[in-house]
Number of protein chains: 2
Amino acid sequence: MKFSVSEENYIKSIYHLQVQHQRVNATMLAAMVNTKAASVTDMLKKLQKKTLVDYEPYKSFVLTEAGNKLALTIVRKHRLWEYFLVNKLGFAWDEVHEIAEELEHIGSIELVKRLDEFLEFPSFDPHGDPIPNSRGKMSILKRSNLTEIPLKTTAIVNYIQDQSATMLDLLRHYHIGIGTKIKVSKRFEFDGSVEIKIDKLPDAVLSCQVAKNIYCTI
Amino acid sequence: MKFSVSEENYIKSIYHLQVQHQRVNATMLAAMVNTKAASVTDMLKKLQKKTLVDYEPYKSFVLTEAGNKLALTIVRKHRLWEYFLVNKLGFAWDEVHEIAEELEHIGSIELVKRLDEFLEFPSFDPHGDPIPNSRGKMSILKRSNLTEIPLKTTAIVNYIQDQSATMLDLLRHYHIGIGTKIKVSKRFEFDGSVEIKIDKLPDAVLSCQVAKNIYCTI
DNA sequence: TTAAATTTTTAGGTTTGTCTAAATTTATTT
DNA sequence: AAATAAATTTAGACAAACCTAAAAATTTAA
């Protein structure tokens, strides 16, 4: 079955809202798809007919199994394209989202398969978000920032929240990037700063503000 | 100014029809965009308002300068994506057209620029059609087939018209592909067959039927 | 537990791009 | 040049996806 770009955007947005907050409401969804609540109602009816959402007027709506599956294929495409844009075309992290919003609606399944292969089956996109595999599975590794992870445990950086130029500059200075293996050796209660160890580099101390923005998987 | 996928498809189709036959009519255009003549009329009015076509009811229509420019950017995107699909993702010639039909409508100019760069500024797509550069210029080298090119002149294969499996099989046998340097040494009037020379290979004779399908630039 | 506030739905429109059927205009034949 | 054929345009509708304004339902708060 084929779906319109609009339908796909609704499904994707419901998915993201369900992941963040567990209960979704029409107002939030309207804001996310950049439309009005009345239009959301119209679309929910349509999506229910297509068995992508379970919808109870005035009550609630959730993705069905089929809806969830569709959402994952869209998220998969979005993140694979982001990876391509950054790692093959040399775009910066913060330039790729909008372009991927368009590319994620390209239909061909074979294209996605081959793109995945070409990129060597990446597990995380340039923002550190996990990429669902062809069966819709992805790491659900909880990402924790450097103020949260256990001491003396090797973690791998996979997400930077604040992507401002100044933050990027700072990260370059400390040789920290996506994929960097890092260990927190000490936390200073006074100001929340952390001491880190990175292989082959001298120990360093990061301010709480910085540490909060660096997310890792363990 | 932004244009809808439909508008872009009309512009692209008018362009292609103008290149092939010099005069375009509404019936042909309707067939090409897979719709009815009445819809073409509607769209022509809209495109005229947007100054992409010069349109005289009941008489004729042609692309304006702006329309031509737009058409070239679409053709450029289409051919660059085809090149990408074949040369980076490993698709076969005949599998990429439909996918490129979708990709050609992705908006970002920066994307096209970087894709072009990533592909190292190719001049021809996998079908041998020239790729317009960022200023809309492309080789207008007339492609001639092997029954037309002058004798004893080195030519480079850049297009195969019939892309059936049987034709591809035959070409593989003769070691002929896009980019192959080939010379026609003799033409047999009787049946139109041609004798060809390819470096490091023994001379061979191709039937007229085959020769007609192999296009070269000189 | 009512009243007020918020959320959601309905009703009626709009725009884009399509359609069919009928009316026009242009082109072709005799 | 008139008659027929073909191409084109108009008129009126339709589906998708959106909108505004008003009505209905639900939630929150007094």
# chains A, B, ... in the order shown; residues from 1 in each chain; ligands from 1

call {"tool": "residues_around", "arguments": {"residues": "region 11-27 of chain D", "least_positions_apart": "6", "cutoff": "12 Å", "atoms": "only C-alpha atoms (C1' of nucleotides)", "output": "PyMOL selection string"}}
result
(chain A and resi 4-7+30+33-43+46+57-60) or (chain B and resi 38) or (chain C and resi 4-23)

call {"tool": "interface_residues", "arguments": {"of": "chain A", "to": "chain B", "cutoff": "7 Å", "atoms": "only C-alpha atoms", "output": "list in words"}}
result
Leu89, Ile99, Glu102, Ile106, Ser108, Arg114, Leu115 and Phe118 of chain A

call {"tool": "residues_around", "arguments": {"residues": "region 213-218 of chain A", "least_positions_apart": "4", "cutoff": "8 Å", "atoms": "only C-alpha atoms (C1' of nucleotides)", "output": "list in words"}}
result
Leu141, Lys142, Arg143, Ser144, Asn145, Leu146, Thr153, Thr154, Ala155, Ile156, Val157, Asn158, Tyr159, Ile160, Gln161, Asp162 and Gln209 of chain A

call {"tool": "atom_distance", "arguments": {"atom1": "CA of Leu72 (chain B)", "atom2": "CA of Pro122 (chain B)"}}
result
15.4 Å

call {"tool": "atom_distance", "arguments": {"atom1": "CA of Glu120 (chain A)", "atom2": "CA of Glu104 (chain A)"}}
result
18.6 Å

call {"tool": "select_by_dssp", "arguments": {"residues": "region 42-215 of chain B", "states": "strand (DSSP E)", "output": "JSON, numbers by chain"}}
result
{"B": [53, 54, 55, 56, 60, 61, 62, 63, 144, 145, 154, 155, 156, 157, 158, 159, 160, 181, 182, 183, 184, 185, 186, 187, 194, 195, 196, 197, 204, 205, 206, 214, 215]}

call {"tool": "atom_distance", "arguments": {"atom1": "CA of Thr73 (chain A)", "atom2": "CA of Pro132 (chain A)"}}
result
7.6 Å

call {"tool": "select_by_dssp", "arguments": {"residues": "region 67-205 of chain A", "states": "helix (DSSP H, G or I)", "output": "PyMOL selection string"}}
result
chain A and resi 67-87+93-95+97-103+109-118+165-173

call {"tool": "residues_around", "arguments": {"residues": "Val205 (chain B)", "least_positions_apart": "2", "cutoff": "7 Å", "atoms": "only C-alpha atoms (C1' of nucleotides)", "output": "compact mmCIF listing (two decimals) with N, CA and C atoms, in the first residue's frame"}}
result
# COMPACT_ATOMS: atom_id res chain seq x y z
N SER B 193 25.05 -3.98 -42.30
CA SER B 193 25.91 -4.36 -41.17
C SER B 193 27.20 -3.56 -41.22
N VAL B 194 27.89 -3.47 -40.07
CA VAL B 194 29.12 -2.67 -39.99
C VAL B 194 30.25 -3.49 -39.38
N GLU B 195 31.46 -3.26 -39.88
CA GLU B 195 32.63 -3.88 -39.26
C GLU B 195 33.23 -2.87 -38.31
N ILE B 196 33.53 -3.33 -37.09
CA ILE B 196 34.07 -2.41 -36.09
C ILE B 196 35.42 -2.85 -35.58
N SER B 207 25.26 -6.47 -36.86
CA SER B 207 24.12 -6.31 -37.76
C SER B 207 23.63 -4.87 -37.70
